[in-house]
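Have a look at the structure below, then the notes.
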Protein chains: 2
Amino acid sequence: MSNNLRGVWTAALTPQNEDLSVDFDALVAHYRWLLANGSDGIAVLGTTGEANSFSVAERRALIERVGEAGFASNEIMIGTGCCAFPDTVELTRAALAAGYANILMLPPFFYKGVSDDGLFRAYANVIERIGDDAMAIYVYDFPKMTGLEISPDLLVRLHEAFPTTIVGVKDSSGSWPDMLEVAERIPGFGTFAGTERYLLPVLRAGGAGCISATANVTCGLAAELYAAWRGEGAEALQERVTQVRLALEAYPAVPSLKEIMAAHTGRAGWRQARPPMVALSDGARADLFRDLEAIGFALQEAA
Amino acid sequence: MSNNLRGVWTAALTPQNEDLSVDFDALVAHYRWLLANGSDGIAVLGTTGEANSFSVAERRALIERVGEAGFASNEIMIGTGCCAFPDTVELTRAALAAGYANILMLPPFFYKGVSDDGLFRAYANVIERIGDDAMAIYVYDFPKMTGLEISPDLLVRLHEAFPTTIVGVKDSSGSWPDMLEVAERIPGFGTFAGTERYLLPVLRAGGAGCISATANVTCGLAAELYAAWRGEGAEALQERVTQVRLALEAYPAVPSLKEIMAAHTGRAGWRQARPPMVALSDGARADLFRDLEAIGFALQEAA
């Protein structure tokens with residue numbers, strides 16, 4: 001398989017019930033809303049989806065429910081990377097069995113100071129144990145959370161060893177030089193920026209688009225940019241996208257995005273999140289909505 | 001329950017077979033060897049034991065095998081802290097069911113920039129869901145791996161909220177002022193330094209001892225210090241312990257300790273470790289043994 005995904009992808013939130021179990025009805029409704037309102041695709045069980053706060057059994061059940069809801073394979077990418085390789089193998093097989101070959105894979109993230117050889121070994125071990133040519137892995141590079149650096153050299157090495165399996169990267173490092181280097185060194189590689197702030201630059205560099213937490217609420221705006229990125233107004237649209245992204249970045253991502261969804265849908269349960277997350281205080285919530293109002297941002301619905 | 005553990009504890013290595021499954025016979029033999037050669041107790045499934053590189057099912061099986069081997073409850077502490085609270089709850093219940101109430105508990109370690117409120121909520125949620133008064137939790141503070149700081153204030157808050165459950169800490173922060181502050185602010189708290197380098201200071205401050213990776217090979221030496229810590233020769237013994245610890249710290253912990261065990265036992269399988277670990281290169285192995293020889297260190301057997 002090779003990368004065939006492009007555009008604005010949302011690292012989807014995972015709505016929960018009061019007992020912190022997954023609210024599947026709200027989840028499916030949210031995914032449908034995202035796809036109808038500017039998202040080209042959904043990254044299921046990423047950082048924003050609190051993936052690592054759910055057990056493997058809970059994640060398997062979620063993957064199966066997404067499959068039963070009938071989302072198309074080219075609009076779904078599933079996060080499967082765990083610290084323990086048997087878990088990564090199990091979740092990746094569950095994704096493949098549910099019809100989803102696009103995998104977003106964190107490296108094992110407990111140990112720090114890991115060499116490139118160690119990270120290469122981690123990915124190679126999982127790929128070889130799964131042994132399924134259909135699998136298309138997007139390496140998930142998020143140094144702030146993992147404490148690990150996935151260098152351009154390592155991505156090139158992984159892609160050369162597994163050219164039809166290691167097909168892209170979600171670069172949440174925020175390092176624009178690294179994103180540019182990867183897009184240039186591996187033609188056709190699915191380089192997704194981890195933020196819509198770099199959507200226009202990454203597309204111009206030959207990359208695939210973005211996979212973003214804030215796209216849970218900015219997908220409409222980001223989609224306008226994606227539709228027009230080759231045109232004259234692209235830079236102004238990027239400036240607006242960046243303005244909103246920066247306003248949102250002033251608050252903890254998952255709780256603040258869940259507040260916005262709670263306000264938008266009227267479903268108070270949207271505020272539930274698993275530890276170590278805590279809901280925004282009343283003061284922070286008021287500040288968030290005041291900040292967004294000050295820049296004239298509100299959730300957009302597709303016409 | 002309250003802290004009643006003291007002395008030199010080893011964060012035990014987990015020997016593996018060629019397919020990276022646990023070699024239970026070698027594991028039980030190693031635990032017995034540690035207890036016969038200076039370890040007062042064994043921390044099972046800690047960082048050195050590659051806990052997070054094993055699935056929950058594999059960790060449950062390991063805990064059950066340790067129970068079947070008949071290790072006493074006061075010589076075993078079991079690591080159960082995972083990113084997902086259902087996993088932490090399941091492993092802690094498995095430890096309690098196997099007869100082991102002493103729990104070494106990491107905070108959920110994927111997300112960074114977590115507030116004290118978030119960390120408090122994480123521990124409180126697990127304690128309340130388990131609801132077993134027998135449980136004695138040692139908070140596992142290892143900022144290098146978790147990217148999180150467990151402050152003395154947070155430990156005091158946790159201990160005040162759960163005085164008979166939050167009974168101690170393994171402080172692998174390397175911050176001596178924090179260890180001293182905790183030992184002073186919570187009398188009777190089980191403050192274990194994460195390295196034998198601080199064994200004498202932590203004992204003098206009223207702490208409980210150390211839980212150490214390198215004790216897999218230095219337990220005999222550390223035990224000499226522990227037996228004599230109130231006497232005149234204690235400082236010289238601490239200097240020797242520190243000298244050996246610093247020599248070992250120049251190499252990646254798990255692979256180098258496994259090399260020493262491989263050499264000691266003649267069992268080549270001791271070199272196996274799960275990704276993202278990689279075995280020492282031939283050069284690094286030669287350097288390690290040359291460094292240890294230069295300071296006259298060799299594994300000691302009890303008389």
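The way I read the labels, and the way they are meant: chains A, B, ... in the order of the structure tokens, residue 1 as the first residue of every chain, and ligand 1 as the first ligand shown, with later ones counted on from there.
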Go through segment 47-86 of chain B and collect every residue that DSSP, computed from the backbone, puts in strand (DSSP E or B); the answer should be as a PDB file with all heavy atoms, in the first residue's frame.
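Output saved as selection_39.pdb:
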```pdb
ATOM      1  N   ILE B  76       8.040  -8.405  48.447  1.00  0.00           N
ATOM      2  CA  ILE B  76       7.609  -8.146  47.066  1.00  0.00           C
ATOM      3  C   ILE B  76       6.823  -6.836  46.990  1.00  0.00           C
ATOM      4  O   ILE B  76       5.956  -6.566  47.828  1.00  0.00           O
ATOM      5  CB  ILE B  76       6.724  -9.304  46.536  1.00  0.00           C
ATOM      6  CG1 ILE B  76       7.521 -10.610  46.411  1.00  0.00           C
ATOM      7  CG2 ILE B  76       6.051  -8.936  45.211  1.00  0.00           C
ATOM      8  CD1 ILE B  76       8.530 -10.656  45.278  1.00  0.00           C
ATOM      9  N   MET B  77       7.139  -6.038  45.977  1.00  0.00           N
ATOM     10  CA  MET B  77       6.384  -4.831  45.642  1.00  0.00           C
ATOM     11  C   MET B  77       6.116  -4.941  44.137  1.00  0.00           C
ATOM     12  O   MET B  77       7.014  -5.311  43.382  1.00  0.00           O
ATOM     13  CB  MET B  77       7.251  -3.614  45.953  1.00  0.00           C
ATOM     14  CG  MET B  77       6.613  -2.276  45.700  1.00  0.00           C
ATOM     15  SD  MET B  77       7.807  -0.909  45.996  1.00  0.00           S
ATOM     16  CE  MET B  77       7.962  -0.935  47.772  1.00  0.00           C
ATOM     17  N   ILE B  78       4.882  -4.637  43.730  1.00  0.00           N
ATOM     18  CA  ILE B  78       4.540  -4.884  42.323  1.00  0.00           C
ATOM     19  C   ILE B  78       4.168  -3.595  41.607  1.00  0.00           C
ATOM     20  O   ILE B  78       3.310  -2.835  42.059  1.00  0.00           O
ATOM     21  CB  ILE B  78       3.412  -5.938  42.236  1.00  0.00           C
ATOM     22  CG1 ILE B  78       3.931  -7.244  42.851  1.00  0.00           C
ATOM     23  CG2 ILE B  78       2.948  -6.119  40.792  1.00  0.00           C
ATOM     24  CD1 ILE B  78       3.160  -8.471  42.548  1.00  0.00           C
ATOM     25  N   GLY B  79       4.827  -3.367  40.487  1.00  0.00           N
ATOM     26  CA  GLY B  79       4.548  -2.186  39.669  1.00  0.00           C
ATOM     27  C   GLY B  79       3.280  -2.384  38.862  1.00  0.00           C
ATOM     28  O   GLY B  79       3.139  -3.386  38.161  1.00  0.00           O
TER      29      GLY B  79
END
```
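Residue-level contact on chain A: within 7 Å of chain B, counting only C-alpha atoms, the set is Asn52, Ser53, Phe54, Ser55, Cys83, Ala84, Phe85, Pro86, Asp87, Pro108, Phe110, Tyr111, Lys112, Val114, Gly118, Leu119, Arg121, Ala122, Met145, Thr146, Pro275, Pro276, Met277 and Val278 of chain A.
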Please list as a list in words every residue within 8 Å of Ala12 of chain A, counting only C-alpha atoms and excluding residues in the same chain fewer than 3 positions away.
Tyr31, Ile42, Ala43, Val44, Leu45, Gly46, Thr48, Gly49, Ala213 and Asn216 of chain A
Report as an NGL selection string all protein, DNA and RNA residues lying within 12 Å of Trp229 of chain B, evaluated on only C-alpha atoms, omitting residues in the same chain fewer than 6 positions from it.
:B and (7-8 or 198-204 or 209 or 222-223 or 235-238)
Could you name the residues that touch Thr92 of chain B at 12 Å or less, counting only C-alpha atoms, but leaving out those on the same chain fewer than 2 positions away, as a ChimeraX atom specification?
/B:45,56,59-60,63-64,77-82,85-90,94-106,126-127,129-132,134-137
Taking N, CA and C atoms for each residue, export the selection above as a short mmCIF file (atom, residue, chain, number, x, y, z; two decimals), in the first residue's frame.
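The new file result16.cif reads:
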```
data_model
loop_
_atom_site.label_atom_id
_atom_site.label_comp_id
_atom_site.auth_asym_id
_atom_site.auth_seq_id
_atom_site.Cartn_x
_atom_site.Cartn_y
_atom_site.Cartn_z
N LEU B 45 8.28 -5.77 38.03
CA LEU B 45 7.63 -4.97 36.97
C LEU B 45 7.79 -3.46 37.19
N VAL B 56 -0.89 -6.13 29.48
CA VAL B 56 -1.53 -6.35 30.78
C VAL B 56 -1.69 -7.86 31.03
N ARG B 59 1.59 -9.21 32.08
CA ARG B 59 1.94 -8.78 33.44
C ARG B 59 1.12 -9.53 34.48
N ARG B 60 -0.15 -9.77 34.17
CA ARG B 60 -0.98 -10.57 35.10
C ARG B 60 -0.37 -11.96 35.29
N ILE B 63 2.66 -11.80 37.50
CA ILE B 63 2.30 -11.61 38.92
C ILE B 63 1.82 -12.94 39.52
N GLU B 64 1.01 -13.65 38.76
CA GLU B 64 0.50 -14.93 39.28
C GLU B 64 1.63 -15.93 39.49
N MET B 77 7.14 -6.04 45.98
CA MET B 77 6.38 -4.83 45.64
C MET B 77 6.12 -4.94 44.14
N ILE B 78 4.88 -4.64 43.73
CA ILE B 78 4.54 -4.88 42.32
C ILE B 78 4.17 -3.59 41.61
N GLY B 79 4.83 -3.37 40.49
CA GLY B 79 4.55 -2.19 39.67
C GLY B 79 3.28 -2.38 38.86
N THR B 80 2.35 -1.44 38.99
CA THR B 80 1.05 -1.61 38.31
C THR B 80 0.60 -0.36 37.56
N GLY B 81 1.37 0.73 37.61
CA GLY B 81 0.88 1.99 37.04
C GLY B 81 0.95 2.02 35.52
N CYS B 82 -0.19 2.23 34.89
CA CYS B 82 -0.30 2.29 33.43
C CYS B 82 -0.87 3.65 33.02
N PHE B 85 -6.41 3.97 33.29
CA PHE B 85 -6.73 3.54 34.66
C PHE B 85 -7.34 2.15 34.73
N PRO B 86 -8.11 1.68 33.72
CA PRO B 86 -8.61 0.30 33.85
C PRO B 86 -7.48 -0.72 33.95
N ASP B 87 -6.36 -0.43 33.27
CA ASP B 87 -5.20 -1.34 33.34
C ASP B 87 -4.56 -1.29 34.72
N THR B 88 -4.41 -0.09 35.27
CA THR B 88 -3.82 0.04 36.61
C THR B 88 -4.70 -0.66 37.64
N VAL B 89 -6.01 -0.50 37.50
CA VAL B 89 -6.94 -1.16 38.43
C VAL B 89 -6.82 -2.68 38.30
N GLU B 90 -6.78 -3.17 37.06
CA GLU B 90 -6.72 -4.62 36.84
C GLU B 90 -5.44 -5.22 37.41
N ALA B 94 -4.89 -7.76 40.56
CA ALA B 94 -4.18 -9.03 40.36
C ALA B 94 -3.08 -9.19 41.42
N ALA B 95 -2.40 -8.09 41.73
CA ALA B 95 -1.35 -8.16 42.77
C ALA B 95 -1.97 -8.50 44.12
N LEU B 96 -3.07 -7.83 44.46
CA LEU B 96 -3.75 -8.10 45.73
C LEU B 96 -4.23 -9.55 45.78
N ALA B 97 -4.78 -10.04 44.68
CA ALA B 97 -5.29 -11.42 44.64
C ALA B 97 -4.16 -12.43 44.80
N ALA B 98 -2.95 -12.05 44.34
CA ALA B 98 -1.81 -12.96 44.47
C ALA B 98 -1.16 -12.86 45.84
N GLY B 99 -1.70 -11.97 46.69
CA GLY B 99 -1.19 -11.86 48.06
C GLY B 99 -0.19 -10.74 48.26
N TYR B 100 -0.10 -9.85 47.28
CA TYR B 100 0.90 -8.77 47.36
C TYR B 100 0.22 -7.41 47.44
N ALA B 101 0.32 -6.79 48.61
CA ALA B 101 -0.39 -5.53 48.86
C ALA B 101 0.49 -4.31 48.61
N ASN B 102 1.80 -4.52 48.48
CA ASN B 102 2.71 -3.39 48.26
C ASN B 102 2.80 -3.10 46.77
N ILE B 103 2.34 -1.90 46.41
CA ILE B 103 2.17 -1.54 45.00
C ILE B 103 3.06 -0.34 44.68
N LEU B 104 3.81 -0.46 43.61
CA LEU B 104 4.61 0.66 43.11
C LEU B 104 3.86 1.24 41.92
N MET B 105 3.37 2.49 42.06
CA MET B 105 2.42 2.98 41.06
C MET B 105 2.89 4.25 40.35
N LEU B 106 3.23 4.06 39.07
CA LEU B 106 3.50 5.20 38.19
C LEU B 106 2.22 6.01 38.01
N VAL B 126 -8.11 5.71 40.85
CA VAL B 126 -7.70 4.30 40.93
C VAL B 126 -7.96 3.75 42.33
N ILE B 127 -7.59 4.53 43.36
CA ILE B 127 -7.77 4.06 44.74
C ILE B 127 -9.25 3.82 45.03
N ARG B 129 -11.70 3.24 42.86
CA ARG B 129 -12.26 2.13 42.10
C ARG B 129 -11.85 0.79 42.69
N ILE B 130 -10.62 0.69 43.22
CA ILE B 130 -10.17 -0.58 43.81
C ILE B 130 -10.83 -0.79 45.17
N GLY B 131 -10.81 0.25 46.01
CA GLY B 131 -11.53 0.18 47.28
C GLY B 131 -11.09 -0.95 48.19
N ASP B 132 -9.80 -1.17 48.30
CA ASP B 132 -9.29 -2.25 49.16
C ASP B 132 -8.34 -1.65 50.19
N ALA B 134 -6.39 -2.94 52.18
CA ALA B 134 -5.10 -3.63 52.36
C ALA B 134 -4.00 -3.00 51.53
N MET B 135 -4.38 -2.33 50.47
CA MET B 135 -3.41 -1.82 49.49
C MET B 135 -2.48 -0.76 50.08
N ALA B 136 -1.19 -0.91 49.83
CA ALA B 136 -0.18 0.05 50.28
C ALA B 136 0.56 0.57 49.05
N ILE B 137 0.27 1.81 48.68
CA ILE B 137 0.82 2.34 47.43
C ILE B 137 2.08 3.16 47.69
#
```
All helix (DSSP H, G or I) residues (DSSP, backbone) inside segment 100-293 of chain A, as a PyMOL selection string:
chain A and resi 116-130+143-146+152-161+176-185+196-204+215-227+234-249+253-265+268-271+282-293
Hey, which of A:Pro255, A:Pro177, A:Gly283, A:Phe142 ends up closest to Trp270 of chain A? Count only C-alpha atoms.
A:Pro255
Spatial neighbours of Ser172 of chain B, max dist 7 Å, only C-alpha atoms, sep filter under 5 positions, as an MDAnalysis selection string:
chainID B and resid 141:142 193:194
Put those residues in a file: N, CA, C and O atoms, as a PDB file, in the first residue's frame.
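Writing done, so here's again13.pdb:
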```pdb
ATOM      1  N   ASP B 141       7.947   8.040  41.331  1.00  0.00           N
ATOM      2  CA  ASP B 141       8.286   9.346  40.763  1.00  0.00           C
ATOM      3  C   ASP B 141       9.561   9.227  39.943  1.00  0.00           C
ATOM      4  O   ASP B 141      10.657   9.120  40.491  1.00  0.00           O
ATOM      5  N   PHE B 142       9.403   9.219  38.609  1.00  0.00           N
ATOM      6  CA  PHE B 142      10.553   9.033  37.723  1.00  0.00           C
ATOM      7  C   PHE B 142      10.436  10.019  36.567  1.00  0.00           C
ATOM      8  O   PHE B 142      10.094   9.647  35.441  1.00  0.00           O
ATOM      9  N   ALA B 193      14.865   6.051  48.077  1.00  0.00           N
ATOM     10  CA  ALA B 193      15.614   6.664  46.990  1.00  0.00           C
ATOM     11  C   ALA B 193      15.641   5.693  45.810  1.00  0.00           C
ATOM     12  O   ALA B 193      15.643   4.476  45.998  1.00  0.00           O
ATOM     13  N   GLY B 194      15.648   6.247  44.611  1.00  0.00           N
ATOM     14  CA  GLY B 194      15.670   5.403  43.411  1.00  0.00           C
ATOM     15  C   GLY B 194      17.060   4.921  43.045  1.00  0.00           C
ATOM     16  O   GLY B 194      17.239   4.300  42.002  1.00  0.00           O
TER      17      GLY B 194
END
```
